[in-house]
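Inspection log for the structure reproduced underneath, given as structure tokens.
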Amino acid sequence: MKALFMDEYELQASMPLRALEKLEAEGICVYDVEKCAPGKLKFCAKSKESEKIFAILRGSCYTVIKRGSVGLKRRLQRVLSRPGAIAAVLLFCLLAAASNFFVLRVEVDGSVRYAVQAREILREEGLFPCSLYGEENAERARARLARLSGIAFVTLEKEGSVLRVTFQESEEVPVPEREKQLLSPAEGVVQELTVLRGEALVQVGDKVQAGQKLAQAAEGEAFAVARASILCEGVYTYSCTQPGKEAKARAVAKAVFLSGGTPVSYEVGFTGSGEKFVYTVRLQYLLRLGVNFGESE
Amino acid sequence: MRLSEESFAALGVSADVVAGGAKVVVYAGVCACFENVKGIVRLSAEEVVLRAGRGEVCVRGKNLRVARYGLGDLWLSGSVTAVEISEETP
């Protein structure tokens, strides 16, 4: 194996190979021996043995010239002879090291639909491109990001000058909030009430007001399961310019549509003269209600 | 011969060292290694003559070059085509 720091020598003598024997006898290894001309040799030896080589060959009929360095030493000398290049390399290293203190880019992985929110949160915590990176800011941002709904966990890592946010979404779909009570949307009389879970607050035949509770979840229960039918009555008007059978039918249809229930019976009144006529429909209809029943209307 | 080799092995020394002869290992087309080299007699790109042990080793080939020489070992780089060993007559 060659040494890293070596010098190249030129040896001139009538019998140059004898000089190599002398060096070998003194324990000096020579490398890359090459005969370049009659009576002339080129060889390399370790830099630290330079003085020894000259001492061995001094006073004899050998002419030894040190031609320069080879290997790593030569490269090192070349580099050292260019202070500008060294300064540039040092400056580059310094800039590279300094850039690690900054955030130059923010990347969001895992789930791109959180990217906008994530960037907004990071910006609010002072972590945006060309900002100074702070571990405390990052920790606060990480905590806020982890609180986003549907996120199982989030990692916030700084890789060089890139701030990388990786989201892992929760596989569980959040359970929707279930209703705890059954309310009457209109005034009427209870025709039917079925409570599978929870407690009934009215009975069949009771008159109830709009917004009144018909059933509710029992204490300690998360939701109620109930169904009810209420017979309601409403008065609806329909204006037209041409009275007739068709206009009457339209008046009834409008009343049924607005009631939102199943019509049971109706009475139609008619007033008006000239160009404006008004039909008044008194409609009895059945409202079917339900909470968590699976077929609520 | 086998008895002597076994005896040398038992003593922990190799036969070539005890015998003082040349040891040659050739890696075809790449290099050749020599032990017990006492000196270089001739050196050129086609032929290198070494003084080894009690005789000479003549190496022929192409682009021959002494890659390393020291402590009795010599590494010759290049394509070695022939090695001729001549014993010194007493």
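Labels used: A, B, ... for chains in the order of the structure tokens, numbers from 1 for residues in each chain, and numbers from 1 for ligands as shown.
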Could you list, with a cut-off of 8 Å and counting only C-alpha atoms, the residues of chain A near chain B, each shown with its nearest atom pair and the distance in Å rounded to one decimal, rows sorted by chain and ascending number, as JSON lines?
{"residue": "A:Leu17", "atom": "CA", "partner": "B:Ile40", "partner_atom": "CA", "distance": 6.0}
{"residue": "A:Arg18", "atom": "CA", "partner": "B:Gly39", "partner_atom": "CA", "distance": 7.6}
{"residue": "A:Leu20", "atom": "CA", "partner": "B:Gly39", "partner_atom": "CA", "distance": 7.8}
{"residue": "A:Glu21", "atom": "CA", "partner": "B:Gly39", "partner_atom": "CA", "distance": 5.5}
{"residue": "A:Glu24", "atom": "CA", "partner": "B:Gly70", "partner_atom": "CA", "distance": 5.1}
{"residue": "A:Ala25", "atom": "CA", "partner": "B:Leu71", "partner_atom": "CA", "distance": 7.4}
{"residue": "A:Gly27", "atom": "CA", "partner": "B:Leu71", "partner_atom": "CA", "distance": 5.9}
{"residue": "A:Ile28", "atom": "CA", "partner": "B:Gly70", "partner_atom": "CA", "distance": 6.0}
{"residue": "A:Cys29", "atom": "CA", "partner": "B:Gly70", "partner_atom": "CA", "distance": 4.1}
{"residue": "A:Val30", "atom": "CA", "partner": "B:Tyr69", "partner_atom": "CA", "distance": 5.2}
{"residue": "A:Tyr31", "atom": "CA", "partner": "B:Arg68", "partner_atom": "CA", "distance": 4.3}
{"residue": "A:Asp32", "atom": "CA", "partner": "B:Ala67", "partner_atom": "CA", "distance": 4.4}
{"residue": "A:Val33", "atom": "CA", "partner": "B:Val66", "partner_atom": "CA", "distance": 5.0}
{"residue": "A:Glu34", "atom": "CA", "partner": "B:Arg65", "partner_atom": "CA", "distance": 6.3}
{"residue": "A:Lys35", "atom": "CA", "partner": "B:Ser44", "partner_atom": "CA", "distance": 6.6}
Export of prior selection with N, CA and C atoms as a PDB file, in the first residue's frame:
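Output saved as part08.pdb:
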ATOM      1  N   LEU A  17      20.847   1.437 -10.123  1.00  0.00           N
ATOM      2  CA  LEU A  17      20.141   0.369  -9.391  1.00  0.00           C
ATOM      3  C   LEU A  17      20.843   0.011  -8.088  1.00  0.00           C
ATOM      4  N   ARG A  18      22.155   0.276  -8.041  1.00  0.00           N
ATOM      5  CA  ARG A  18      22.924   0.010  -6.805  1.00  0.00           C
ATOM      6  C   ARG A  18      22.435   0.929  -5.679  1.00  0.00           C
ATOM      7  N   LEU A  20      19.413   1.932  -5.255  1.00  0.00           N
ATOM      8  CA  LEU A  20      18.169   1.380  -4.696  1.00  0.00           C
ATOM      9  C   LEU A  20      18.479   0.287  -3.682  1.00  0.00           C
ATOM     10  N   GLU A  21      19.518  -0.508  -3.994  1.00  0.00           N
ATOM     11  CA  GLU A  21      19.920  -1.564  -3.057  1.00  0.00           C
ATOM     12  C   GLU A  21      20.373  -0.957  -1.746  1.00  0.00           C
ATOM     13  N   GLU A  24      17.367   0.172   0.126  1.00  0.00           N
ATOM     14  CA  GLU A  24      16.645  -1.006   0.624  1.00  0.00           C
ATOM     15  C   GLU A  24      17.338  -1.586   1.842  1.00  0.00           C
ATOM     16  N   ALA A  25      18.657  -1.584   1.767  1.00  0.00           N
ATOM     17  CA  ALA A  25      19.436  -2.121   2.887  1.00  0.00           C
ATOM     18  C   ALA A  25      19.258  -1.277   4.154  1.00  0.00           C
ATOM     19  N   GLY A  27      16.462   0.036   4.909  1.00  0.00           N
ATOM     20  CA  GLY A  27      15.057  -0.095   5.322  1.00  0.00           C
ATOM     21  C   GLY A  27      14.122   0.913   4.695  1.00  0.00           C
ATOM     22  N   ILE A  28      14.542   1.483   3.591  1.00  0.00           N
ATOM     23  CA  ILE A  28      13.669   2.466   2.926  1.00  0.00           C
ATOM     24  C   ILE A  28      12.977   1.805   1.737  1.00  0.00           C
ATOM     25  N   CYS A  29      11.678   1.952   1.708  1.00  0.00           N
ATOM     26  CA  CYS A  29      10.906   1.415   0.583  1.00  0.00           C
ATOM     27  C   CYS A  29      10.829   2.457  -0.528  1.00  0.00           C
ATOM     28  N   VAL A  30      11.020   1.996  -1.748  1.00  0.00           N
ATOM     29  CA  VAL A  30      10.861   2.905  -2.882  1.00  0.00           C
ATOM     30  C   VAL A  30       9.672   2.433  -3.720  1.00  0.00           C
ATOM     31  N   TYR A  31       9.028   3.398  -4.354  1.00  0.00           N
ATOM     32  CA  TYR A  31       7.815   3.103  -5.117  1.00  0.00           C
ATOM     33  C   TYR A  31       7.952   3.652  -6.534  1.00  0.00           C
ATOM     34  N   ASP A  32       7.224   3.046  -7.441  1.00  0.00           N
ATOM     35  CA  ASP A  32       7.131   3.504  -8.842  1.00  0.00           C
ATOM     36  C   ASP A  32       8.501   3.786  -9.451  1.00  0.00           C
ATOM     37  N   VAL A  33       9.342   2.794  -9.376  1.00  0.00           N
ATOM     38  CA  VAL A  33      10.692   2.953  -9.933  1.00  0.00           C
ATOM     39  C   VAL A  33      10.600   2.868 -11.458  1.00  0.00           C
ATOM     40  N   GLU A  34      11.213   3.815 -12.115  1.00  0.00           N
ATOM     41  CA  GLU A  34      11.119   3.865 -13.578  1.00  0.00           C
ATOM     42  C   GLU A  34      12.459   4.334 -14.128  1.00  0.00           C
ATOM     43  N   LYS A  35      12.915   3.618 -15.131  1.00  0.00           N
ATOM     44  CA  LYS A  35      14.167   4.014 -15.762  1.00  0.00           C
ATOM     45  C   LYS A  35      13.815   4.999 -16.872  1.00  0.00           C
TER      46      LYS A  35
END
> Residues at most 10 Å from Gly269 (chain A), counting only C-alpha atoms, excluding those fewer than 4 positions away in the same chain, as number ranges by chain?
Replying inline: A: 237, 248, 278-282
>> Taking 5 positions as the minimum chain separation for residues in the same chain, which residues sit within 10 Å of Arg227 (chain A) when counting only C-alpha atoms? Answer as a PyMOL selection string.
In response: chain A and resi 182+192-196+214-215+288-297
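CA of Gly260 (chain A) is positioned 25.2 Å from CA of Pro243 (chain A).
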List as an mmCIF file with C-alpha atoms, in the first residue's frame the protein and nucleic acid residues near Ser79 (chain B), meaning an atom at most 9 Å away when only C-alpha atoms are counted, but skip any in the same chain fewer than 6 places from it.
data_model
loop_
_atom_site.group_PDB
_atom_site.id
_atom_site.type_symbol
_atom_site.label_atom_id
_atom_site.label_comp_id
_atom_site.auth_asym_id
_atom_site.auth_seq_id
_atom_site.Cartn_x
_atom_site.Cartn_y
_atom_site.Cartn_z
ATOM 1 C CA TYR B 27 -0.883 -12.619 -10.818
ATOM 2 C CA ALA B 28 -1.354 -13.144 -14.517
ATOM 3 C CA GLY B 29 -1.591 -9.923 -16.460
ATOM 4 C CA VAL B 30 -1.575 -7.721 -13.370
ATOM 5 C CA CYS B 31 1.566 -7.981 -11.309
ATOM 6 C CA ALA B 32 4.139 -10.260 -9.753
ATOM 7 C CA ARG B 60 9.853 -10.780 -19.049
ATOM 8 C CA GLY B 61 6.662 -9.022 -20.001
ATOM 9 C CA LYS B 62 5.125 -5.731 -21.049
ATOM 10 C CA ASN B 63 5.013 -2.376 -19.275
ATOM 11 C CA LEU B 64 7.002 -3.730 -16.371
#
> Which of region 177-269 of chain A counts as strand (DSSP E) under DSSP, as a PyMOL selection string please?
Replying inline: chain A and resi 181-183+188-197+199-200+207-208+213-216+225-240+262-269
I need the residues from that last selection saved to file as a CSV table (one decimal), in the first residue's frame (with N, CA and C atoms), if you can.
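After the write, out05.csv holds the following:
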chain,number,residue,atom,x,y,z
A,181,GLN,N,-83.3,14.0,21.9
A,181,GLN,CA,-84.7,14.2,22.1
A,181,GLN,C,-85.5,14.3,20.8
A,182,LEU,N,-86.8,14.0,21.0
A,182,LEU,CA,-87.7,14.1,19.9
A,182,LEU,C,-88.6,15.3,20.1
A,183,LEU,N,-88.6,16.3,19.2
A,183,LEU,CA,-89.3,17.5,19.4
A,183,LEU,C,-90.5,17.6,18.4
A,188,GLY,N,-100.2,20.2,17.6
A,188,GLY,CA,-101.1,19.1,17.2
A,188,GLY,C,-101.4,18.1,18.2
A,189,VAL,N,-102.0,17.0,17.8
A,189,VAL,CA,-102.4,15.9,18.8
A,189,VAL,C,-101.6,14.7,18.5
A,190,VAL,N,-101.0,14.1,19.5
A,190,VAL,CA,-100.2,12.9,19.3
A,190,VAL,C,-101.1,11.7,18.9
A,191,GLN,N,-100.8,11.1,17.8
A,191,GLN,CA,-101.5,10.0,17.3
A,191,GLN,C,-100.8,8.7,17.6
A,192,GLU,N,-99.5,8.7,17.6
A,192,GLU,CA,-98.7,7.5,17.8
A,192,GLU,C,-97.4,7.9,18.4
A,193,LEU,N,-96.9,7.1,19.4
A,193,LEU,CA,-95.6,7.4,20.0
A,193,LEU,C,-94.9,6.1,20.3
A,194,THR,N,-93.8,5.9,19.7
A,194,THR,CA,-93.0,4.6,20.0
A,194,THR,C,-91.7,5.1,20.5
A,195,VAL,N,-91.3,4.6,21.7
A,195,VAL,CA,-90.0,5.0,22.3
A,195,VAL,C,-89.2,3.7,22.5
A,196,LEU,N,-88.2,3.5,21.7
A,196,LEU,CA,-87.4,2.3,21.9
A,196,LEU,C,-86.2,2.5,22.9
A,197,ARG,N,-85.8,3.7,22.9
A,197,ARG,CA,-84.7,4.0,23.9
A,197,ARG,C,-85.0,5.4,24.4
A,199,GLU,N,-87.1,8.0,27.3
A,199,GLU,CA,-88.4,8.0,28.0
A,199,GLU,C,-89.4,8.9,27.2
A,200,ALA,N,-90.7,8.5,27.2
A,200,ALA,CA,-91.7,9.3,26.6
A,200,ALA,C,-92.2,10.4,27.5
A,207,LYS,N,-102.3,16.9,23.5
A,207,LYS,CA,-102.1,18.0,22.6
A,207,LYS,C,-100.7,18.6,22.9
A,208,VAL,N,-100.0,18.8,21.9
A,208,VAL,CA,-98.6,19.3,22.1
A,208,VAL,C,-98.4,20.6,21.3
A,213,LYS,N,-91.1,18.8,23.8
A,213,LYS,CA,-90.4,17.5,23.8
A,213,LYS,C,-91.4,16.4,23.8
A,214,LEU,N,-91.3,15.4,22.9
A,214,LEU,CA,-92.2,14.3,23.0
A,214,LEU,C,-91.5,13.1,23.7
A,215,ALA,N,-90.2,13.0,23.5
A,215,ALA,CA,-89.4,11.9,24.1
A,215,ALA,C,-88.0,12.4,24.3
A,216,GLN,N,-87.3,11.8,25.2
A,216,GLN,CA,-85.9,12.2,25.4
A,216,GLN,C,-85.0,11.1,25.9
A,225,VAL,N,-84.1,6.8,20.9
A,225,VAL,CA,-84.7,6.3,19.7
A,225,VAL,C,-86.2,6.3,19.9
A,226,ALA,N,-86.8,7.1,19.0
A,226,ALA,CA,-88.3,7.3,19.2
A,226,ALA,C,-88.9,7.7,17.9
A,227,ARG,N,-90.2,7.4,17.8
A,227,ARG,CA,-90.9,7.8,16.6
A,227,ARG,C,-92.3,8.2,17.0
A,228,ALA,N,-92.9,9.2,16.3
A,228,ALA,CA,-94.2,9.8,16.7
A,228,ALA,C,-94.9,10.2,15.4
A,229,SER,N,-96.3,10.2,15.6
A,229,SER,CA,-97.1,10.8,14.5
A,229,SER,C,-98.0,11.8,15.2
A,230,ILE,N,-98.1,13.0,14.6
A,230,ILE,CA,-98.9,14.1,15.2
A,230,ILE,C,-99.9,14.6,14.1
A,231,LEU,N,-101.1,14.7,14.6
A,231,LEU,CA,-102.1,15.2,13.7
A,231,LEU,C,-102.1,16.7,13.9
A,232,CYS,N,-101.8,17.4,12.8
A,232,CYS,CA,-101.8,18.9,12.9
A,232,CYS,C,-102.8,19.5,12.0
A,233,GLU,N,-103.0,20.8,12.2
A,233,GLU,CA,-103.9,21.5,11.4
A,233,GLU,C,-103.3,22.9,11.0
A,234,GLY,N,-103.5,23.2,9.7
A,234,GLY,CA,-102.9,24.5,9.3
A,234,GLY,C,-103.8,25.2,8.3
A,235,VAL,N,-103.7,26.5,8.2
A,235,VAL,CA,-104.5,27.2,7.2
A,235,VAL,C,-103.5,27.9,6.2
A,236,TYR,N,-103.8,27.7,5.0
A,236,TYR,CA,-102.9,28.2,3.9
A,236,TYR,C,-103.8,28.9,2.9
A,237,THR,N,-103.2,29.9,2.3
A,237,THR,CA,-104.0,30.7,1.3
A,237,THR,C,-103.3,30.7,0.0
A,238,TYR,N,-104.1,30.8,-1.1
A,238,TYR,CA,-103.6,30.8,-2.4
A,238,TYR,C,-104.3,31.9,-3.2
A,239,SER,N,-103.6,32.8,-3.8
A,239,SER,CA,-104.1,33.9,-4.6
A,239,SER,C,-104.1,33.6,-6.1
A,240,CYS,N,-105.1,34.0,-6.8
A,240,CYS,CA,-105.1,33.8,-8.2
A,240,CYS,C,-106.0,34.8,-8.9
A,262,THR,N,-98.6,14.3,5.7
A,262,THR,CA,-99.6,13.5,4.9
A,262,THR,C,-101.0,14.1,5.1
A,263,PRO,N,-101.6,14.5,4.0
A,263,PRO,CA,-103.0,15.1,4.2
A,263,PRO,C,-104.0,14.1,4.7
A,264,VAL,N,-104.8,14.6,5.6
A,264,VAL,CA,-105.8,13.7,6.2
A,264,VAL,C,-107.2,14.2,5.7
A,265,SER,N,-107.4,15.5,5.9
A,265,SER,CA,-108.7,16.1,5.4
A,265,SER,C,-108.4,17.6,5.1
A,266,TYR,N,-109.3,18.1,4.3
A,266,TYR,CA,-109.1,19.6,4.1
A,266,TYR,C,-110.5,20.2,3.7
A,267,GLU,N,-110.5,21.5,4.0
A,267,GLU,CA,-111.7,22.3,3.6
A,267,GLU,C,-111.2,23.5,2.9
A,268,VAL,N,-111.9,23.9,1.8
A,268,VAL,CA,-111.4,25.0,1.0
A,268,VAL,C,-112.4,26.1,1.0
A,269,GLY,N,-112.0,27.3,1.3
A,269,GLY,CA,-112.9,28.5,1.3
A,269,GLY,C,-112.4,29.4,0.2
>> Taking 5 positions as the minimum chain separation for residues in the same chain, which residues sit within 12 Å of Cys130 (chain A) when counting only C-alpha atoms? Answer as a list of chain:residue names.
In response: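 Everything that qualifies: A:Ala98, A:Ser99, A:Asn100, A:Phe101, A:Phe102, A:Val103, A:Leu104, A:Arg105, A:Val106, A:Arg123, A:Ser161, A:Val162, A:Leu163.
Within 8 Å of region 48-58 of chain A there are Asp7, Ala19, Lys22, Leu23, Ile28, Tyr62 and Val64 of chain A, counting only C-alpha atoms and ignoring same-chain residues fewer than 4 positions away.
Near Val59 (chain B), within a cut-off of 9 Å and counting only C-alpha atoms, sit the residues B:Glu46, B:Glu47, B:Val48, B:Val49, B:Leu50, B:Leu64, B:Val80, B:Thr81, B:Ala82, B:Val83, B:Glu84, B:Ile85, with same-chain residues fewer than 4 positions away left out.
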> Which distance in Å separates CA of Val25 (chain B) and CA of Glu6 (chain B), to one decimal?
Replying inline: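 Here the two named atoms are 21.7 Å from each other.
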>> According to DSSP computed on the backbone, where in region 96-284 of chain A is there helix (DSSP H, G or I)? Give the residues as a VMD selection string.
In response: chain A and resid 96 to 99 112 to 124 135 to 146 245 to 259
> Using only C-alpha atoms, which of the listed residues (A:Glu136, A:Leu201, A:Glu179, A:Leu122) sits closest to Arg164 (chain A)?
Replying inline: A:Leu122
> Rounded to one decimal in Å, what is the spacing between CA of Met6 (chain A) and CA of Ile65 (chain A)?
Replying inline: 14.1 Å
